[in-house]
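> The structure's right below; bear with me while I get my questions together.
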Amino acid sequence: MIRATELVKTWRTGNREVRALDGLDLEVTPGEFLCLHGPSGSGKTTLLLALGGMQRPTSGTVTVGGDDVYGLSPADRCRLRAERIGFVFQLFHLVPYLSVVENVLLGASAATPVEDADSLLERLGLSGRGHHRPAELSAGERQRVAIGRALIKRPSLLLADEPTGNLDPAHATAVLDHLKAFHDEGGTVVLVSHSRGADRLADRVVSLSAGRLMEAVS
Amino acid sequence: MTVKQMILREIRHRRVNAALAFGGIAAAVGLFVVLYSEGRDVQRETRRITRDMGFNLRIIPASTDMVRFWIDGYSQDTLPEDSVHALARTKGLSYNHLIAQLIGAIKLDGHTFLLTGISDELSPPGKKKPPMQRVVPPGSLTLGFEAARHLGAGKGETVVILGRRFTVAETLGEAGTADDVRIWGALEDVQALLDLKGRISEIKAIDCLCTLPENDPLTPLRAQLAELLPEARLVQQRLIADARARQRTLMRDQQAFLLPVVIIACAVWIAVLATLNVRQRHEEIGALRALGWASSRIAGLFLGKAVVLGTLGAAVGVAAGAGVAIWMGPDIFPSKATGRIDPVLVGGPLILAPLLAAAASLVPAMLAVTQDPAVTLRGDA
């Protein structure tokens, strides 16, 4: 279970205070596929990063599997992300000087055999691309590598921030299919998206506006 | 993927950044080695030049009539010869190159000459240095320019002085000083000739305080002497002493300025490049954070890179610097260049350059681990 309680996150821009999250409450049950919509600046990414232990809220709490994420020591919070949470970003953020296989293995423990990465890449349709550099791949391929990097450690929670935002429709569909496959295997997914294209895959769709959950769409 | 593997891959990937850092370290280390080793040669050369200026201290009997001393150029009174041995036995003495002299004016063929007996050079315990003064073996003489001319004697010939025969060991060129009318002999020979056995006129020495002239080195020297030889007094040849002190201070100050400038410039260069590297890699840092990398591991990417480049740069810099120093040194300092590199100059940079590079990269590494990953990981960033 993921639970965010009364989350507030404020930023200061010059003399102005911006409330990215404004007392937000959210629960995501294990194995749920949650789709999160909202316009730019509504706080989607801030919420996602806060759920993943990457963005300390100004106030409020986040628990993942019973652990108070921001009550953990920095080392334990790193361990939580390393073992239980996978991230996928819109801009992939692959390491440019590592090969595809090495990028995928970055997300794994040192004991993970290369064969695991190879078989994951095969499932992601990237057979034969393992030794290429990210710069040699298309955007869709890069995003699939990023998904592989997030999934190699077999996380229980996948947090995806606009993973199809930079992709053409065909590649976007392929990426969403991989997220769906992870969900079908029992994983929890929180997907942030501008578009409604992913709604068909979600168990629940919520909308965010001005840092608050406004409605339950389905 | 280990941190070490990532460091090596990143160095290969961002070759320009790595090459600039490596080049900066190699250049700084090379320059350091050249400056340091050439500086050592300059110091040796300076020591030789200042040594050739002559002795700057004269220890004479306290009873000396100073007016007459300055007119004659030597004291008419004498000290026991053991005075020089007493000084040479004393630890912590601020004098070195101790030579006992006995001087007396003698008439030969109607001309007056300064007969000067000189002892072997002595050093206080632990301060043994190569001798500065020529040695005159017993039974032989060294003749100043005018003395040789008036006596008509050349090297290897025999001369008679006060009824005793001596072999001329050496005749000197024109010095333009009272040394031109000097006849040098072994101390014991001159003591016998002047009938002053066991006596000396003065002890010549060099002060080795090497202090600034304005620091008044005479007071501590005189205090030492008053304790050891109360029957003696000290005269300092101020111009020579000041020139020695100024030259040595100049060399020391030049090294004290140049070497830190090289080190600081190198550190700033590495810090700038490391900061640029951090800025180039902010997305990577954010992604690694999302993957659960701890701050220490991320900092290790930058500090480890600095250590790798520091080690490689130091190795190349030492080799290049040593090569230049060995190649150029003898051309610049033909008399004193050693053509050798101090082992410390090889080992020191290999240890210190990686540490310096890591220290210079510390702030950029801290910037890397403290940057807010949310800023770089946003889709609209």
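Numbering starts fresh at 1 for the residues of each chain in the structure tokens, the chains themselves are lettered A, B, ... in the order given, and ligands are numbered from 1 as they appear.
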Near chain A, which residues of chain B fall within 7 Å when you count only C-alpha atoms, and what do they look like as a list in words?
Met1, Arg9, Glu10, His13, Glu283, Glu284, Ala287, Ala290, Leu291, Gly292, Trp293, Ala294, Ala374, Leu377, Arg378 and Gly379 of chain B
> Include all heavy atoms and write out the residues we just selected as a CSV table (one decimal), in the first residue's frame.

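The resulting file, out-v3.csv, is shown below:
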chain,number,residue,atom,x,y,z
B,1,MET,N,27.5,-2.7,-12.4
B,1,MET,CA,28.5,-1.7,-12.9
B,1,MET,C,29.1,-1.1,-11.7
B,1,MET,O,28.4,-0.4,-10.9
B,1,MET,CB,27.7,-0.7,-13.8
B,1,MET,CG,28.5,0.4,-14.3
B,1,MET,SD,29.4,0.3,-15.9
B,1,MET,CE,29.3,-1.3,-16.5
B,9,ARG,N,34.7,4.5,-18.0
B,9,ARG,CA,33.9,4.7,-19.2
B,9,ARG,C,33.6,6.2,-19.4
B,9,ARG,O,33.6,6.7,-20.6
B,9,ARG,CB,32.5,4.0,-19.0
B,9,ARG,CG,32.6,2.5,-18.9
B,9,ARG,CD,33.0,1.9,-20.3
B,9,ARG,NE,33.2,0.5,-20.1
B,9,ARG,CZ,32.2,-0.4,-20.2
B,9,ARG,NH1,31.0,0.0,-20.4
B,9,ARG,NH2,32.4,-1.7,-20.0
B,10,GLU,N,33.4,6.9,-18.4
B,10,GLU,CA,33.0,8.3,-18.5
B,10,GLU,C,34.2,9.1,-19.0
B,10,GLU,O,34.1,10.0,-19.8
B,10,GLU,CB,32.6,8.9,-17.1
B,10,GLU,CG,31.8,10.2,-17.2
B,10,GLU,CD,32.6,11.4,-17.2
B,10,GLU,OE1,33.7,11.4,-16.7
B,10,GLU,OE2,32.2,12.5,-17.7
B,13,HIS,N,34.4,8.6,-22.6
B,13,HIS,CA,33.3,9.2,-23.3
B,13,HIS,C,33.5,10.7,-23.4
B,13,HIS,O,33.3,11.3,-24.5
B,13,HIS,CB,32.0,8.9,-22.5
B,13,HIS,CG,30.8,9.6,-23.2
B,13,HIS,ND1,30.3,9.1,-24.3
B,13,HIS,CD2,30.0,10.6,-22.8
B,13,HIS,CE1,29.2,9.8,-24.6
B,13,HIS,NE2,29.0,10.8,-23.7
B,283,GLU,N,21.7,15.2,-15.3
B,283,GLU,CA,20.6,14.2,-15.6
B,283,GLU,C,21.0,12.8,-15.1
B,283,GLU,O,20.3,12.1,-14.5
B,283,GLU,CB,20.3,14.2,-17.1
B,283,GLU,CG,19.6,15.3,-17.6
B,283,GLU,CD,19.2,15.2,-19.1
B,283,GLU,OE1,19.1,14.0,-19.5
B,283,GLU,OE2,19.0,16.2,-19.7
B,284,GLU,N,22.3,12.5,-15.4
B,284,GLU,CA,22.8,11.2,-15.0
B,284,GLU,C,22.8,11.1,-13.4
B,284,GLU,O,22.4,10.0,-12.9
B,284,GLU,CB,24.3,11.1,-15.5
B,284,GLU,CG,25.0,9.8,-15.0
B,284,GLU,CD,26.5,9.9,-15.3
B,284,GLU,OE1,26.9,10.7,-16.2
B,284,GLU,OE2,27.3,9.2,-14.6
B,287,ALA,N,19.3,10.5,-12.4
B,287,ALA,CA,18.8,9.1,-12.7
B,287,ALA,C,19.5,8.1,-11.7
B,287,ALA,O,18.8,7.2,-11.2
B,287,ALA,CB,19.3,8.7,-14.1
B,290,ALA,N,17.6,8.3,-8.5
B,290,ALA,CA,16.3,7.5,-8.7
B,290,ALA,C,16.5,6.0,-8.6
B,290,ALA,O,15.7,5.3,-8.1
B,290,ALA,CB,15.6,7.9,-10.0
B,291,LEU,N,17.7,5.6,-9.0
B,291,LEU,CA,18.0,4.1,-9.0
B,291,LEU,C,18.5,3.7,-7.6
B,291,LEU,O,18.8,2.5,-7.4
B,291,LEU,CB,19.1,3.8,-10.0
B,291,LEU,CG,18.7,3.9,-11.4
B,291,LEU,CD1,19.9,3.8,-12.4
B,291,LEU,CD2,17.7,2.8,-11.8
B,292,GLY,N,18.6,4.7,-6.7
B,292,GLY,CA,18.9,4.3,-5.3
B,292,GLY,C,20.4,4.5,-4.9
B,292,GLY,O,20.9,3.9,-3.9
B,293,TRP,N,21.1,5.1,-5.8
B,293,TRP,CA,22.6,5.3,-5.5
B,293,TRP,C,22.7,6.3,-4.3
B,293,TRP,O,22.0,7.4,-4.3
B,293,TRP,CB,23.3,5.9,-6.7
B,293,TRP,CG,23.7,4.9,-7.7
B,293,TRP,CD1,22.9,3.9,-8.2
B,293,TRP,CD2,25.0,4.8,-8.3
B,293,TRP,NE1,23.7,3.1,-9.1
B,293,TRP,CE2,24.9,3.7,-9.2
B,293,TRP,CE3,26.2,5.5,-8.3
B,293,TRP,CZ2,26.0,3.3,-10.0
B,293,TRP,CZ3,27.2,5.1,-9.0
B,293,TRP,CH2,27.2,4.0,-9.9
B,294,ALA,N,23.5,6.0,-3.4
B,294,ALA,CA,23.8,6.8,-2.2
B,294,ALA,C,24.7,8.0,-2.6
B,294,ALA,O,25.4,7.9,-3.6
B,294,ALA,CB,24.4,6.0,-1.1
B,374,ALA,N,14.9,16.5,-8.4
B,374,ALA,CA,13.6,16.8,-9.0
B,374,ALA,C,13.7,17.8,-10.1
B,374,ALA,O,13.0,17.8,-11.1
B,374,ALA,CB,12.6,17.3,-7.9
B,377,LEU,N,14.9,15.8,-13.2
B,377,LEU,CA,14.2,14.7,-13.7
B,377,LEU,C,12.8,15.0,-14.2
B,377,LEU,O,12.1,14.1,-14.7
B,377,LEU,CB,14.0,13.7,-12.5
B,377,LEU,CG,15.4,13.1,-12.1
B,377,LEU,CD1,15.2,12.2,-10.9
B,377,LEU,CD2,16.1,12.3,-13.2
B,378,ARG,N,12.4,16.3,-14.0
B,378,ARG,CA,11.1,16.7,-14.6
B,378,ARG,C,11.1,16.6,-16.1
B,378,ARG,O,12.1,16.9,-16.7
B,378,ARG,CB,10.8,18.1,-14.2
B,378,ARG,CG,10.5,18.3,-12.8
B,378,ARG,CD,10.4,19.7,-12.3
B,378,ARG,NE,10.2,19.8,-10.9
B,378,ARG,CZ,9.1,19.6,-10.3
B,378,ARG,NH1,8.0,19.4,-11.1
B,378,ARG,NH2,9.0,19.7,-9.0
B,379,GLY,N,10.0,16.1,-16.6
B,379,GLY,CA,9.9,16.0,-18.1
B,379,GLY,C,10.0,17.3,-18.8
B,379,GLY,O,10.5,17.4,-19.9
> Region 127-135 of chain A: which residues within 6 Å, counting only C-alpha atoms, same-chain residues fewer than 5 positions away excluded, as a list of chain:residue names?
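Within the cut-off, the hits are A:Pro96, A:Ser99, A:Val100, A:Val101, A:Leu121, A:Glu122.
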> Write to file, as an mmCIF file, in the first residue's frame, the residues of the selection just made, with N, CA, C and O atoms.

data_model
loop_
_atom_site.group_PDB
_atom_site.id
_atom_site.type_symbol
_atom_site.label_atom_id
_atom_site.label_comp_id
_atom_site.auth_asym_id
_atom_site.auth_seq_id
_atom_site.Cartn_x
_atom_site.Cartn_y
_atom_site.Cartn_z
ATOM 1 N N PRO A 96 24.842 8.211 -20.975
ATOM 2 C CA PRO A 96 25.230 8.189 -22.394
ATOM 3 C C PRO A 96 26.469 7.360 -22.698
ATOM 4 O O PRO A 96 26.643 6.920 -23.825
ATOM 5 N N SER A 99 26.596 1.190 -22.390
ATOM 6 C CA SER A 99 25.818 0.488 -23.406
ATOM 7 C C SER A 99 24.405 0.232 -22.873
ATOM 8 O O SER A 99 24.117 0.454 -21.688
ATOM 9 N N VAL A 100 23.553 -0.276 -23.756
ATOM 10 C CA VAL A 100 22.175 -0.582 -23.367
ATOM 11 C C VAL A 100 22.160 -1.570 -22.199
ATOM 12 O O VAL A 100 21.473 -1.366 -21.189
ATOM 13 N N VAL A 101 22.924 -2.643 -22.341
ATOM 14 C CA VAL A 101 22.956 -3.662 -21.269
ATOM 15 C C VAL A 101 23.452 -3.038 -19.970
ATOM 16 O O VAL A 101 22.889 -3.282 -18.896
ATOM 17 N N LEU A 121 15.799 -7.420 -22.106
ATOM 18 C CA LEU A 121 15.858 -6.642 -23.350
ATOM 19 C C LEU A 121 15.137 -7.379 -24.479
ATOM 20 O O LEU A 121 14.502 -6.749 -25.327
ATOM 21 N N GLU A 122 15.235 -8.685 -24.458
ATOM 22 C CA GLU A 122 14.535 -9.466 -25.486
ATOM 23 C C GLU A 122 13.031 -9.261 -25.346
ATOM 24 O O GLU A 122 12.323 -9.037 -26.324
#
> Please report as a Markdown table every residue of region 87-177 of chain B lying within 12 Å of region 50-74 of chain B, along with the nearest atom pair and their distance in Å (one decimal), using only C-alpha atoms.

| residue | atom | partner | partner_atom | distance |
| --- | --- | --- | --- | --- |
| B:Leu87 | CA | B:Ile59 | CA | 10.7 |
| B:Ser94 | CA | B:Leu57 | CA | 11.0 |
| B:Tyr95 | CA | B:Leu57 | CA | 8.4 |
| B:Asn96 | CA | B:Phe55 | CA | 9.6 |
| B:His97 | CA | B:Phe55 | CA | 8.3 |
| B:Leu98 | CA | B:Phe55 | CA | 9.3 |
| B:Ile99 | CA | B:Phe55 | CA | 9.6 |
| B:Ala100 | CA | B:Ile59 | CA | 9.3 |
| B:Gln101 | CA | B:Tyr74 | CA | 9.9 |
| B:Leu102 | CA | B:Tyr74 | CA | 9.1 |
| B:Ile103 | CA | B:Tyr74 | CA | 6.9 |
| B:Gly104 | CA | B:Tyr74 | CA | 8.2 |
| B:Ala105 | CA | B:Asp72 | CA | 9.1 |
| B:Thr112 | CA | B:Asp72 | CA | 11.9 |
| B:Phe113 | CA | B:Asp72 | CA | 11.6 |
| B:Leu114 | CA | B:Tyr74 | CA | 9.6 |
| B:Leu115 | CA | B:Tyr74 | CA | 11.1 |
| B:Thr116 | CA | B:Tyr74 | CA | 10.2 |
| B:Glu121 | CA | B:Phe55 | CA | 12.0 |
| B:Lys129 | CA | B:Arg51 | CA | 11.3 |
| B:Pro130 | CA | B:Arg51 | CA | 10.7 |
| B:Pro131 | CA | B:Arg51 | CA | 10.1 |
| B:Met132 | CA | B:Arg51 | CA | 7.1 |
| B:Gln133 | CA | B:Gly54 | CA | 8.9 |
| B:Arg134 | CA | B:Asp52 | CA | 11.9 |
| B:Thr177 | CA | B:Gly73 | CA | 10.9 |
> Please return as a short mmCIF file (atom, residue, chain, number, x, y, z; two decimals) with all heavy atoms, in the first residue's frame: the residues of region 23-143 of chain A that backbone DSSP assigns to strand (DSSP E).

data_model
loop_
_atom_site.label_atom_id
_atom_site.label_comp_id
_atom_site.auth_asym_id
_atom_site.auth_seq_id
_atom_site.Cartn_x
_atom_site.Cartn_y
_atom_site.Cartn_z
N GLY A 23 -2.01 19.89 0.42
CA GLY A 23 -2.78 19.06 1.35
C GLY A 23 -3.38 17.84 0.68
O GLY A 23 -4.52 17.45 0.96
N LEU A 24 -2.61 17.20 -0.17
CA LEU A 24 -3.10 16.09 -0.98
C LEU A 24 -3.11 14.78 -0.20
O LEU A 24 -2.16 14.47 0.52
CB LEU A 24 -2.21 15.98 -2.22
CG LEU A 24 -2.54 14.91 -3.25
CD1 LEU A 24 -2.21 15.42 -4.65
CD2 LEU A 24 -1.74 13.63 -2.98
N ASP A 25 -4.20 14.00 -0.37
CA ASP A 25 -4.28 12.64 0.20
C ASP A 25 -4.45 11.66 -0.95
O ASP A 25 -5.24 11.90 -1.88
CB ASP A 25 -5.48 12.51 1.14
CG ASP A 25 -5.29 13.35 2.40
OD1 ASP A 25 -4.26 13.18 3.06
OD2 ASP A 25 -6.16 14.21 2.67
N LEU A 26 -3.72 10.56 -0.88
CA LEU A 26 -3.81 9.56 -1.95
C LEU A 26 -3.46 8.19 -1.40
O LEU A 26 -2.52 8.06 -0.60
CB LEU A 26 -2.84 9.92 -3.09
CG LEU A 26 -2.72 8.93 -4.23
CD1 LEU A 26 -4.01 8.90 -5.07
CD2 LEU A 26 -1.54 9.27 -5.14
N GLU A 27 -4.20 7.20 -1.86
CA GLU A 27 -3.87 5.81 -1.51
C GLU A 27 -3.81 5.00 -2.79
O GLU A 27 -4.67 5.15 -3.67
CB GLU A 27 -4.94 5.21 -0.60
CG GLU A 27 -4.79 5.61 0.86
CD GLU A 27 -5.72 4.81 1.77
OE1 GLU A 27 -6.33 3.83 1.30
OE2 GLU A 27 -5.79 5.19 2.94
N VAL A 28 -2.81 4.19 -2.90
CA VAL A 28 -2.69 3.29 -4.05
C VAL A 28 -2.54 1.89 -3.48
O VAL A 28 -1.63 1.63 -2.68
CB VAL A 28 -1.46 3.63 -4.93
CG1 VAL A 28 -1.43 2.74 -6.17
CG2 VAL A 28 -1.47 5.10 -5.33
N PHE A 33 -3.11 -0.12 -10.93
CA PHE A 33 -2.56 0.71 -12.02
C PHE A 33 -3.30 2.05 -11.93
O PHE A 33 -4.47 2.14 -12.27
CB PHE A 33 -2.80 0.05 -13.37
CG PHE A 33 -2.00 0.67 -14.51
CD1 PHE A 33 -1.24 -0.14 -15.35
CD2 PHE A 33 -2.01 2.03 -14.76
CE1 PHE A 33 -0.51 0.41 -16.40
CE2 PHE A 33 -1.28 2.58 -15.80
CZ PHE A 33 -0.51 1.77 -16.62
N LEU A 34 -2.60 3.07 -11.45
CA LEU A 34 -3.22 4.37 -11.26
C LEU A 34 -2.71 5.33 -12.33
O LEU A 34 -1.50 5.46 -12.52
CB LEU A 34 -2.88 4.93 -9.88
CG LEU A 34 -3.40 6.34 -9.59
CD1 LEU A 34 -4.91 6.32 -9.34
CD2 LEU A 34 -2.69 6.92 -8.37
N CYS A 35 -3.62 5.97 -12.99
CA CYS A 35 -3.25 6.96 -14.00
C CYS A 35 -3.54 8.35 -13.43
O CYS A 35 -4.63 8.60 -12.90
CB CYS A 35 -4.08 6.71 -15.25
SG CYS A 35 -3.29 7.27 -16.72
N LEU A 36 -2.58 9.22 -13.52
CA LEU A 36 -2.66 10.54 -12.89
C LEU A 36 -2.61 11.60 -13.99
O LEU A 36 -1.62 11.70 -14.72
CB LEU A 36 -1.48 10.70 -11.95
CG LEU A 36 -1.45 11.80 -10.93
CD1 LEU A 36 -2.62 11.69 -9.95
CD2 LEU A 36 -0.14 11.71 -10.15
N HIS A 37 -3.67 12.35 -14.13
CA HIS A 37 -3.72 13.39 -15.15
C HIS A 37 -3.63 14.77 -14.52
O HIS A 37 -3.77 14.93 -13.31
CB HIS A 37 -5.06 13.32 -15.92
CG HIS A 37 -5.15 12.14 -16.82
ND1 HIS A 37 -4.25 11.89 -17.82
CD2 HIS A 37 -6.04 11.11 -16.86
CE1 HIS A 37 -4.57 10.79 -18.45
NE2 HIS A 37 -5.66 10.27 -17.88
N SER A 59 5.30 19.34 4.14
CA SER A 59 4.65 18.69 5.28
C SER A 59 3.83 17.51 4.76
O SER A 59 3.64 17.36 3.55
CB SER A 59 3.76 19.67 6.04
OG SER A 59 2.69 20.10 5.22
N GLY A 60 3.39 16.68 5.67
CA GLY A 60 2.66 15.48 5.28
C GLY A 60 3.57 14.27 5.26
O GLY A 60 4.80 14.40 5.44
N THR A 61 2.96 13.11 5.06
CA THR A 61 3.77 11.88 5.09
C THR A 61 3.49 11.03 3.86
O THR A 61 2.42 11.12 3.25
CB THR A 61 3.45 11.04 6.35
OG1 THR A 61 2.05 10.74 6.33
CG2 THR A 61 3.82 11.76 7.62
N VAL A 62 4.49 10.22 3.56
CA VAL A 62 4.35 9.23 2.49
C VAL A 62 4.79 7.89 3.07
O VAL A 62 5.87 7.80 3.67
CB VAL A 62 5.26 9.58 1.28
CG1 VAL A 62 5.18 8.46 0.24
CG2 VAL A 62 4.86 10.91 0.67
N THR A 63 3.94 6.87 2.92
CA THR A 63 4.37 5.53 3.35
C THR A 63 4.31 4.60 2.14
O THR A 63 3.40 4.68 1.31
CB THR A 63 3.48 4.96 4.47
OG1 THR A 63 2.14 4.91 4.00
CG2 THR A 63 3.55 5.80 5.72
N VAL A 64 5.33 3.77 2.06
CA VAL A 64 5.38 2.76 0.99
C VAL A 64 5.57 1.42 1.68
O VAL A 64 6.58 1.21 2.37
CB VAL A 64 6.54 3.04 0.01
CG1 VAL A 64 6.69 1.88 -0.98
CG2 VAL A 64 6.30 4.33 -0.75
N ASP A 67 6.47 1.65 5.29
CA ASP A 67 7.62 2.46 5.70
C ASP A 67 7.33 3.94 5.48
O ASP A 67 6.90 4.33 4.38
CB ASP A 67 8.86 2.09 4.87
CG ASP A 67 9.42 0.74 5.25
OD1 ASP A 67 9.35 0.38 6.45
OD2 ASP A 67 9.91 0.02 4.35
N ASP A 68 7.57 4.73 6.52
CA ASP A 68 7.45 6.19 6.38
C ASP A 68 8.68 6.66 5.60
O ASP A 68 9.80 6.71 6.13
CB ASP A 68 7.43 6.83 7.78
CG ASP A 68 7.40 8.36 7.71
OD1 ASP A 68 7.37 8.90 6.59
OD2 ASP A 68 7.42 8.98 8.79
N ILE A 85 11.43 0.36 -5.77
CA ILE A 85 10.76 1.37 -6.61
C ILE A 85 11.52 1.54 -7.93
O ILE A 85 12.75 1.69 -7.93
CB ILE A 85 10.70 2.74 -5.89
CG1 ILE A 85 9.96 2.61 -4.57
CG2 ILE A 85 10.04 3.79 -6.78
CD1 ILE A 85 9.99 3.87 -3.72
N GLY A 86 10.78 1.49 -9.02
CA GLY A 86 11.38 1.77 -10.32
C GLY A 86 10.84 3.08 -10.87
O GLY A 86 9.65 3.39 -10.70
N PHE A 87 11.72 3.85 -11.50
CA PHE A 87 11.30 5.13 -12.10
C PHE A 87 11.46 5.06 -13.60
O PHE A 87 12.46 4.52 -14.11
CB PHE A 87 12.20 6.27 -11.59
CG PHE A 87 11.85 6.81 -10.24
CD1 PHE A 87 12.48 6.33 -9.10
CD2 PHE A 87 10.90 7.81 -10.10
CE1 PHE A 87 12.17 6.84 -7.86
CE2 PHE A 87 10.60 8.34 -8.86
CZ PHE A 87 11.23 7.85 -7.73
N VAL A 88 10.52 5.66 -14.31
CA VAL A 88 10.68 5.87 -15.76
C VAL A 88 10.35 7.34 -16.01
O VAL A 88 9.32 7.83 -15.55
CB VAL A 88 9.73 4.96 -16.58
CG1 VAL A 88 9.93 5.22 -18.07
CG2 VAL A 88 9.97 3.49 -16.27
#
> How far is it from CA of Thr311 (chain B) to CA of Ile25 (chain B), in Å with one decimal?
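It comes out at 8.9 Å.
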> Between CA of Val69 (chain A) and CA of Leu213 (chain A), what is the spacing in Å?
20.8 Å
> One decimal, in Å: what's the spacing between CA of Ser201 (chain B) and CA of Gly154 (chain B)?
28.0 Å
